[in-house]
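**Student:** Just one file: target-v4.csv, with CSV, C-alpha atoms.
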chain,number,residue,atom,x,y,z
A,1,MET,CA,0.0,0.0,0.0
A,2,ALA,CA,1.5,3.3,-1.0
A,3,ALA,CA,1.8,6.1,1.6
A,4,THR,CA,-0.3,9.1,0.9
A,5,LYS,CA,1.2,12.5,1.0
A,6,ALA,CA,-0.3,15.4,2.7
A,7,PRO,CA,-1.6,18.0,0.2
A,8,ALA,CA,0.9,20.7,-0.4
A,9,GLN,CA,0.2,24.1,1.1
A,10,LYS,CA,-0.7,26.8,-1.4
A,11,ALA,CA,2.0,29.5,-1.4
A,12,PHE,CA,0.5,32.9,-0.9
A,13,LYS,CA,2.2,35.8,-2.4
A,14,ILE,CA,3.0,38.4,0.2
A,15,ARG,CA,2.2,41.9,-0.9
A,16,LYS,CA,4.1,44.0,1.6
A,17,SER,CA,2.7,47.2,0.0
A,18,SER,CA,-0.9,46.1,0.4
A,19,PRO,CA,-3.0,48.0,3.0
A,20,GLU,CA,-3.9,44.7,4.7
A,21,PHE,CA,-0.2,43.9,5.2
A,22,LYS,CA,0.5,47.3,6.6
A,23,LYS,CA,-2.4,47.0,9.0
A,24,LEU,CA,-1.2,43.5,10.0
A,25,LYS,CA,2.3,44.8,10.7
A,26,HIS,CA,0.8,47.7,12.8
A,27,TYR,CA,-1.1,45.2,15.0
A,28,GLU,CA,1.8,42.8,15.2
A,29,ASN,CA,3.9,45.8,16.5
A,30,VAL,CA,1.2,46.8,19.0
A,31,ILE,CA,1.2,43.2,20.4
A,32,LEU,CA,5.0,43.0,20.5
A,33,SER,CA,5.5,46.3,22.2
A,34,THR,CA,2.7,45.6,24.7
A,35,LEU,CA,4.2,42.3,25.6
A,36,GLU,CA,7.7,43.8,26.0
A,37,GLN,CA,6.3,46.5,28.3
A,38,GLU,CA,4.2,44.1,30.3
A,39,SER,CA,7.1,42.8,32.3
A,40,LYS,CA,7.5,46.3,33.7
A,41,LEU,CA,3.9,47.3,33.9
A,42,TRP,CA,2.9,44.6,36.4
A,43,PHE,CA,5.5,46.0,38.8
A,44,LYS,CA,3.8,49.4,38.7
A,45,VAL,CA,0.6,47.7,39.7
A,46,PHE,CA,2.5,46.2,42.7
A,47,ASN,CA,3.9,49.5,43.7
A,48,ALA,CA,0.5,51.1,43.7
A,49,MET,CA,-1.1,48.3,45.6
A,50,ASN,CA,1.8,48.1,48.1
A,51,THR,CA,1.4,51.9,48.8
A,52,VAL,CA,-2.3,51.5,49.3
A,53,GLN,CA,-1.7,48.7,51.7
A,54,GLN,CA,1.2,50.2,53.7
A,55,GLU,CA,-0.4,53.6,54.0
A,56,LYS,CA,-3.9,52.2,54.7
A,57,LEU,CA,-5.3,54.4,51.9
A,58,TYR,CA,-8.2,52.0,51.5
A,59,ILE,CA,-9.7,53.6,54.6
A,60,ALA,CA,-10.4,56.7,52.6
A,61,ARG,CA,-12.9,54.7,50.6
A,62,GLY,CA,-14.6,53.4,53.7
A,63,PHE,CA,-13.0,50.0,53.9
A,64,SER,CA,-11.7,48.6,57.2
A,65,SER,CA,-9.3,46.1,55.5
A,66,PHE,CA,-7.1,46.0,52.5
A,67,THR,CA,-8.7,42.7,51.4
A,68,GLN,CA,-12.2,44.4,51.3
A,69,TRP,CA,-10.7,47.2,49.1
A,70,VAL,CA,-9.0,44.6,46.7
A,71,LYS,CA,-12.3,42.8,46.3
A,72,TYR,CA,-14.2,46.0,45.6
A,73,PHE,CA,-11.6,47.5,43.3
A,74,ALA,CA,-11.0,44.3,41.3
A,75,ARG,CA,-14.7,43.6,40.8
A,76,THR,CA,-16.2,47.0,40.5
A,77,GLU,CA,-13.6,49.3,39.1
A,78,LEU,CA,-11.4,47.0,37.1
A,79,GLU,CA,-13.8,44.2,36.3
A,80,VAL,CA,-11.1,41.6,36.7
A,81,GLN,CA,-10.6,38.6,39.0
A,82,GLU,CA,-9.2,39.7,42.3
A,83,SER,CA,-6.6,36.9,42.1
A,84,LEU,CA,-4.9,39.0,39.4
A,85,LEU,CA,-4.2,41.8,41.9
A,86,TRP,CA,-3.2,39.3,44.7
A,87,LYS,CA,-0.7,37.6,42.3
A,88,ARG,CA,0.9,41.0,41.4
A,89,LEU,CA,1.2,41.9,45.1
A,90,LYS,CA,2.8,38.6,46.0
A,91,ALA,CA,5.1,38.7,43.0
A,92,GLY,CA,6.2,42.2,43.8
A,93,LYS,CA,7.0,41.3,47.4
A,94,LEU,CA,9.0,38.3,46.2
A,95,LEU,CA,10.9,40.4,43.8
A,96,LEU,CA,11.7,43.1,46.4
A,97,GLU,CA,12.9,40.4,48.9
A,98,TYR,CA,15.1,39.0,46.1
A,99,VAL,CA,16.5,42.5,45.3
A,100,GLU,CA,17.1,43.2,49.0
A,101,ARG,CA,19.1,40.0,49.4
A,102,LYS,CA,21.2,40.7,46.3
A,103,ALA,CA,21.9,44.2,47.6
A,104,ALA,CA,22.9,42.8,51.0
A,105,LYS,CA,25.2,40.3,49.4
A,106,GLY,CA,26.9,43.1,47.4
A,107,GLY,CA,27.3,45.1,50.6
A,108,GLU,CA,25.4,48.0,49.1
A,109,ASP,CA,23.3,50.2,51.3
A,110,HIS,CA,19.9,50.9,49.6
A,111,GLU,CA,16.9,52.9,50.7
A,112,GLU,CA,13.6,51.1,50.2
A,113,ARG,CA,12.7,53.5,47.4
A,114,ASP,CA,16.0,52.7,45.6
A,115,ILE,CA,15.2,49.0,45.8
A,116,VAL,CA,11.8,49.6,44.3
A,117,LEU,CA,13.4,51.5,41.4
A,118,ASP,CA,16.0,48.9,40.9
A,119,ALA,CA,13.4,46.1,40.9
A,120,GLU,CA,11.7,47.7,37.9
A,121,LYS,CA,14.7,46.8,35.7
A,122,TYR,CA,14.2,43.1,36.3
A,123,ALA,CA,12.4,41.5,33.3
A,124,ILE,CA,10.7,38.7,35.1
A,125,SER,CA,7.0,37.8,35.1
A,126,PRO,CA,4.8,37.4,38.1
A,127,ASN,CA,4.3,33.8,37.0
A,128,CYS,CA,8.0,33.0,37.0
A,129,LEU,CA,8.3,34.5,40.5
A,130,ASP,CA,5.4,32.4,41.7
A,131,LEU,CA,6.8,29.2,40.2
A,132,ALA,CA,10.2,29.9,41.7
A,133,ALA,CA,8.6,30.4,45.1
A,134,LYS,CA,6.6,27.2,44.9
A,135,ILE,CA,9.6,25.2,43.7
A,136,SER,CA,12.0,26.6,46.4
A,137,GLU,CA,9.4,26.1,49.2
A,138,GLY,CA,10.7,29.0,51.3
A,139,ASP,CA,14.4,28.3,50.6
A,140,ALA,CA,15.6,31.8,49.8
A,141,GLN,CA,18.9,30.6,48.4
A,142,LYS,CA,17.1,28.2,46.0
A,143,PHE,CA,14.6,30.9,45.0
A,144,ASP,CA,17.5,33.4,44.3
A,145,HIS,CA,19.3,30.7,42.2
A,146,LEU,CA,16.1,30.2,40.1
A,147,VAL,CA,15.5,33.9,39.6
A,148,ASP,CA,19.1,34.4,38.7
A,149,GLY,CA,18.7,31.7,36.0
A,150,VAL,CA,15.6,33.5,34.6
A,151,GLU,CA,17.4,36.8,34.7
A,152,ALA,CA,20.4,35.3,32.9
A,153,GLY,CA,18.2,33.7,30.3
A,154,THR,CA,19.3,30.2,31.2
A,155,LEU,CA,15.8,29.4,32.6
A,156,LYS,CA,12.5,30.1,30.9
A,157,ASN,CA,9.0,30.0,32.2
A,158,LYS,CA,8.5,26.6,30.6
A,159,ASP,CA,11.5,25.2,32.5
A,160,LEU,CA,10.0,26.4,35.8
A,161,GLU,CA,6.6,25.0,34.8
A,162,ALA,CA,8.2,21.6,34.1
A,163,ALA,CA,10.1,21.7,37.4
A,164,TRP,CA,7.0,22.5,39.3
A,165,LYS,CA,5.0,19.8,37.6
A,166,THR,CA,7.8,17.3,38.5
A,167,LYS,CA,7.9,18.5,42.1
A,168,LYS,CA,4.1,18.2,42.4
A,169,GLN,CA,4.2,14.7,41.0
A,170,GLU,CA,7.0,13.7,43.4
A,171,LYS,CA,5.0,15.1,46.4
A,172,LYS,CA,1.9,13.2,45.3
A,173,GLU,CA,3.8,10.0,44.9
A,174,SER,CA,5.4,10.5,48.3
A,175,ALA,CA,2.0,11.2,49.9
A,176,ASP,CA,0.5,8.1,48.2
A,177,THR,CA,3.4,6.0,49.6
A,178,GLU,CA,3.0,7.4,53.1
A,179,GLN,CA,-0.8,6.8,53.0
A,180,LYS,CA,-0.2,3.2,51.8
A,181,VAL,CA,2.3,2.6,54.6
A,182,ASP,CA,-0.1,4.1,57.2
A,183,THR,CA,-3.0,1.9,56.0
A,184,ASP,CA,-0.9,-1.3,55.6
A,185,PRO,CA,-2.1,-3.8,58.3
A,186,SER,CA,1.2,-5.7,58.5
If you took the structure in this file and wrote it as structure tokens, what would it be?
**Tutor:**
Amino acid sequence: MAATKAPAQKAFKIRKSSPEFKKLKHYENVILSTLEQESKLWFKVFNAMNTVQQEKLYIARGFSSFTQWVKYFARTELEVQESLLWKRLKAGKLLLEYVERKAAKGGEDHEERDIVLDAEKYAISPNCLDLAAKISEGDAQKFDHLVDGVEAGTLKNKDLEAAWKTKKQEKKESADTEQKVDTDPS
């Protein structure tokens, strides 16, 4: 029996001078520039939220807790899941702690505002920071090593996701083994 070949794709002639191509390029550039800026924009969200929390500015809107304000602001003003804001806040705090540890290792004396400004230069996503925190399980040295890898370009988000998936699987298998030992009548 002869193997059947997949039909050849028709080659389309690209007309770079066409209005459609120019419009496509415009929107591709919008997407690209937005994605490039996104790594810095999330940190601005963190800075604003951190200020609201630290200075208890939510009281000015009549809320007795920061959590109440986050729920209100996310749902009513932004129309987003509140988890988005909580993730930005957590990631920002993780990044600040990382930057503070790096500054301490270097023997540099930084004011908190300087650390915030320095942190804005780090091109790392909230998701990478969250994954690094989960993988390191509170071990600051391991967390810093992972973030250093992301910053150096030797680790990507997909690498952290794979490591986290493996770690979760190992934990599950370990828990299953413990449960089996606990229920074994012998």
**Student:** Fewer than 5 positions away in the same chain doesn't count, so skip those; otherwise give me all residues within 12 Å of Ser83 of chain A, counting only C-alpha atoms, as a PyMOL selection string.
**Tutor:** chain A and resi 67+70-71+73-75+88-91
**Student:** Please write the residues from the selection above to a file, keeping C-alpha atoms, as a tab-separated table (two decimals), in the coordinates of the input.
**Tutor:**
chain	number	residue	atom	x	y	z
A	67	THR	CA	-8.70	42.70	51.40
A	70	VAL	CA	-9.00	44.60	46.70
A	71	LYS	CA	-12.30	42.80	46.30
A	73	PHE	CA	-11.60	47.50	43.30
A	74	ALA	CA	-11.00	44.30	41.30
A	75	ARG	CA	-14.70	43.60	40.80
A	88	ARG	CA	0.90	41.00	41.40
A	89	LEU	CA	1.20	41.90	45.10
A	90	LYS	CA	2.80	38.60	46.00
A	91	ALA	CA	5.10	38.70	43.00
**Student:** So, with all atoms listed in the file as the atoms that count, which of A:Ala60, A:Leu94, A:Ala175, A:Ile135 lies closest to Asp159 of chain A?
**Tutor:** A:Ile135
**Student:** Have a look at atom CA of Ser33 of chain A and atom CA of Lys87 of chain A and let me know their distance in Å, one decimal.
**Tutor:**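 These two atoms are separated by 22.8 Å.
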**Student:** Could you pull the residues within 10 Å of Asn50 of chain A, counting only C-alpha atoms, minus those fewer than 2 positions along the same chain, as a list of chain:residue names?
**Tutor:**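 Final neighbour list, sorted by chain and number: A:Lys44, A:Val45, A:Phe46, A:Asn47, A:Ala48, A:Val52, A:Gln53, A:Gln54, A:Glu55, A:Lys56, A:Arg88, A:Leu89, A:Lys90, A:Gly92, A:Lys93.
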**Student:** Please measure the separation of atom CA of Leu160 of chain A and atom CA of Ser174 of chain A, giving the value in Å to one decimal.
**Tutor:**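 Pair atom CA of Leu160 of chain A / atom CA of Ser174 of chain A returns 20.7 Å.
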**Student:** As an exercise, work out the distance from atom CA of Leu131 of chain A to atom CA of His145 of chain A in Å and give it to one decimal place.
**Tutor:** 12.7 Å
**Student:** Residues around (15.5, 35.4, 38.1), cut-off 9 Å, counting all atoms listed in the file - what are they as a PyMOL selection string?
**Tutor:** chain A and resi 95+98+122-124+128-129+132+143-153+155
**Student:** Output the selection as a PDB file, keeping the file's coordinate frame - C-alpha atoms for each residue.
**Tutor:**
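Ended up saving to part-v2.pdb:
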ATOM      1  CA  LEU A  95      10.900  40.400  43.800  1.00  0.00           C
ATOM      2  CA  TYR A  98      15.100  39.000  46.100  1.00  0.00           C
ATOM      3  CA  TYR A 122      14.200  43.100  36.300  1.00  0.00           C
ATOM      4  CA  ALA A 123      12.400  41.500  33.300  1.00  0.00           C
ATOM      5  CA  ILE A 124      10.700  38.700  35.100  1.00  0.00           C
ATOM      6  CA  CYS A 128       8.000  33.000  37.000  1.00  0.00           C
ATOM      7  CA  LEU A 129       8.300  34.500  40.500  1.00  0.00           C
ATOM      8  CA  ALA A 132      10.200  29.900  41.700  1.00  0.00           C
ATOM      9  CA  PHE A 143      14.600  30.900  45.000  1.00  0.00           C
ATOM     10  CA  ASP A 144      17.500  33.400  44.300  1.00  0.00           C
ATOM     11  CA  HIS A 145      19.300  30.700  42.200  1.00  0.00           C
ATOM     12  CA  LEU A 146      16.100  30.200  40.100  1.00  0.00           C
ATOM     13  CA  VAL A 147      15.500  33.900  39.600  1.00  0.00           C
ATOM     14  CA  ASP A 148      19.100  34.400  38.700  1.00  0.00           C
ATOM     15  CA  GLY A 149      18.700  31.700  36.000  1.00  0.00           C
ATOM     16  CA  VAL A 150      15.600  33.500  34.600  1.00  0.00           C
ATOM     17  CA  GLU A 151      17.400  36.800  34.700  1.00  0.00           C
ATOM     18  CA  ALA A 152      20.400  35.300  32.900  1.00  0.00           C
ATOM     19  CA  GLY A 153      18.200  33.700  30.300  1.00  0.00           C
ATOM     20  CA  LEU A 155      15.800  29.400  32.600  1.00  0.00           C
TER      21      LEU A 155
END
**Student:** For Pro126 of chain A, which residue among A:Trp86, A:Pro19, A:Glu170, A:Val99 is the nearest when counting only C-alpha atoms?
**Tutor:**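 So, comparing all the options, the nearest one is A:Trp86.
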**Student:** When distances are computed from only C-alpha atoms, which of A:Lys121, A:Lys22, A:Lys167, A:Lys142 shows the smallest separation from Gln37 of chain A?
**Tutor:**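 Under the stated criterion, the closest residue is A:Lys121.
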**Student:** Can you fill out segment 156-167 of chain A with all heavy atoms and hand it back as an mmCIF file, in the frame of the given file?
**Tutor:**
data_model
loop_
_atom_site.group_PDB
_atom_site.id
_atom_site.type_symbol
_atom_site.label_atom_id
_atom_site.label_comp_id
_atom_site.auth_asym_id
_atom_site.auth_seq_id
_atom_site.Cartn_x
_atom_site.Cartn_y
_atom_site.Cartn_z
ATOM 1 N N LYS A 156 13.711 29.436 31.488
ATOM 2 C CA LYS A 156 12.500 30.100 30.900
ATOM 3 C C LYS A 156 11.307 29.652 31.745
ATOM 4 O O LYS A 156 11.364 28.732 32.553
ATOM 5 C CB LYS A 156 12.316 29.591 29.459
ATOM 6 C CG LYS A 156 13.502 29.842 28.556
ATOM 7 C CD LYS A 156 13.542 31.271 28.131
ATOM 8 C CE LYS A 156 14.664 31.479 27.126
ATOM 9 N NZ LYS A 156 15.313 32.725 27.267
ATOM 10 N N ASN A 157 10.207 30.327 31.496
ATOM 11 C CA ASN A 157 9.000 30.000 32.200
ATOM 12 C C ASN A 157 8.614 28.535 32.019
ATOM 13 O O ASN A 157 8.225 27.869 32.976
ATOM 14 C CB ASN A 157 7.837 30.906 31.660
ATOM 15 C CG ASN A 157 6.575 30.787 32.479
ATOM 16 O OD1 ASN A 157 6.558 31.158 33.641
ATOM 17 N ND2 ASN A 157 5.531 30.258 31.868
ATOM 18 N N LYS A 158 8.797 27.996 30.811
ATOM 19 C CA LYS A 158 8.500 26.600 30.600
ATOM 20 C C LYS A 158 9.330 25.654 31.384
ATOM 21 O O LYS A 158 8.883 24.592 31.807
ATOM 22 C CB LYS A 158 8.547 26.257 29.070
ATOM 23 C CG LYS A 158 9.934 26.328 28.492
ATOM 24 C CD LYS A 158 9.954 25.973 27.015
ATOM 25 C CE LYS A 158 11.386 26.042 26.513
ATOM 26 N NZ LYS A 158 11.519 25.614 25.163
ATOM 27 N N ASP A 159 10.591 26.042 31.649
ATOM 28 C CA ASP A 159 11.500 25.200 32.500
ATOM 29 C C ASP A 159 10.954 25.193 33.929
ATOM 30 O O ASP A 159 10.950 24.140 34.571
ATOM 31 C CB ASP A 159 12.904 25.776 32.479
ATOM 32 C CG ASP A 159 13.506 25.821 31.082
ATOM 33 O OD1 ASP A 159 13.258 24.876 30.296
ATOM 34 O OD2 ASP A 159 14.210 26.792 30.777
ATOM 35 N N LEU A 160 10.532 26.352 34.414
ATOM 36 C CA LEU A 160 10.000 26.400 35.800
ATOM 37 C C LEU A 160 8.682 25.641 35.876
ATOM 38 O O LEU A 160 8.431 24.957 36.871
ATOM 39 C CB LEU A 160 9.789 27.873 36.201
ATOM 40 C CG LEU A 160 11.052 28.711 36.366
ATOM 41 C CD1 LEU A 160 10.710 30.159 36.664
ATOM 42 C CD2 LEU A 160 11.957 28.145 37.447
ATOM 43 N N GLU A 161 7.843 25.746 34.846
ATOM 44 C CA GLU A 161 6.600 25.000 34.800
ATOM 45 C C GLU A 161 6.854 23.491 34.869
ATOM 46 O O GLU A 161 6.181 22.749 35.600
ATOM 47 C CB GLU A 161 5.735 25.368 33.630
ATOM 48 C CG GLU A 161 5.100 26.732 33.757
ATOM 49 C CD GLU A 161 4.350 27.173 32.514
ATOM 50 O OE1 GLU A 161 4.468 26.523 31.451
ATOM 51 O OE2 GLU A 161 3.639 28.189 32.610
ATOM 52 N N ALA A 162 7.830 23.036 34.095
ATOM 53 C CA ALA A 162 8.200 21.600 34.100
ATOM 54 C C ALA A 162 8.727 21.171 35.431
ATOM 55 O O ALA A 162 8.374 20.094 35.935
ATOM 56 C CB ALA A 162 9.191 21.329 32.976
ATOM 57 N N ALA A 163 9.570 21.993 36.040
ATOM 58 C CA ALA A 163 10.100 21.700 37.400
ATOM 59 C C ALA A 163 9.037 21.606 38.414
ATOM 60 O O ALA A 163 9.039 20.717 39.274
ATOM 61 C CB ALA A 163 11.198 22.680 37.754
ATOM 62 N N TRP A 164 8.089 22.526 38.340
ATOM 63 C CA TRP A 164 7.000 22.500 39.300
ATOM 64 C C TRP A 164 6.086 21.324 39.116
ATOM 65 O O TRP A 164 5.652 20.695 40.073
ATOM 66 C CB TRP A 164 6.187 23.829 39.217
ATOM 67 C CG TRP A 164 4.980 23.861 40.106
ATOM 68 C CD1 TRP A 164 3.696 24.081 39.738
ATOM 69 C CD2 TRP A 164 4.955 23.654 41.530
ATOM 70 N NE1 TRP A 164 2.861 24.015 40.836
ATOM 71 C CE2 TRP A 164 3.610 23.757 41.947
ATOM 72 C CE3 TRP A 164 5.926 23.381 42.485
ATOM 73 C CZ2 TRP A 164 3.227 23.600 43.279
ATOM 74 C CZ3 TRP A 164 5.533 23.222 43.818
ATOM 75 C CH2 TRP A 164 4.203 23.340 44.196
ATOM 76 N N LYS A 165 5.829 20.969 37.878
ATOM 77 C CA LYS A 165 5.000 19.800 37.600
ATOM 78 C C LYS A 165 5.683 18.530 38.149
ATOM 79 O O LYS A 165 5.025 17.693 38.771
ATOM 80 C CB LYS A 165 4.806 19.659 36.070
ATOM 81 C CG LYS A 165 3.894 18.533 35.671
ATOM 82 C CD LYS A 165 3.684 18.502 34.164
ATOM 83 C CE LYS A 165 2.784 17.350 33.771
ATOM 84 N NZ LYS A 165 2.555 17.283 32.336
ATOM 85 N N THR A 166 6.994 18.414 37.950
ATOM 86 C CA THR A 166 7.800 17.300 38.500
ATOM 87 C C THR A 166 7.700 17.249 40.000
ATOM 88 O O THR A 166 7.479 16.199 40.605
ATOM 89 C CB THR A 166 9.223 17.336 37.997
ATOM 90 O OG1 THR A 166 9.230 17.308 36.572
ATOM 91 C CG2 THR A 166 10.039 16.192 38.549
ATOM 92 N N LYS A 167 7.895 18.401 40.614
ATOM 93 C CA LYS A 167 7.900 18.500 42.100
ATOM 94 C C LYS A 167 6.510 18.104 42.635
ATOM 95 O O LYS A 167 6.424 17.380 43.627
ATOM 96 C CB LYS A 167 8.270 19.888 42.534
ATOM 97 C CG LYS A 167 8.474 19.992 44.021
ATOM 98 C CD LYS A 167 9.263 21.237 44.347
ATOM 99 C CE LYS A 167 9.780 21.119 45.735
ATOM 100 N NZ LYS A 167 11.206 21.102 45.826
#
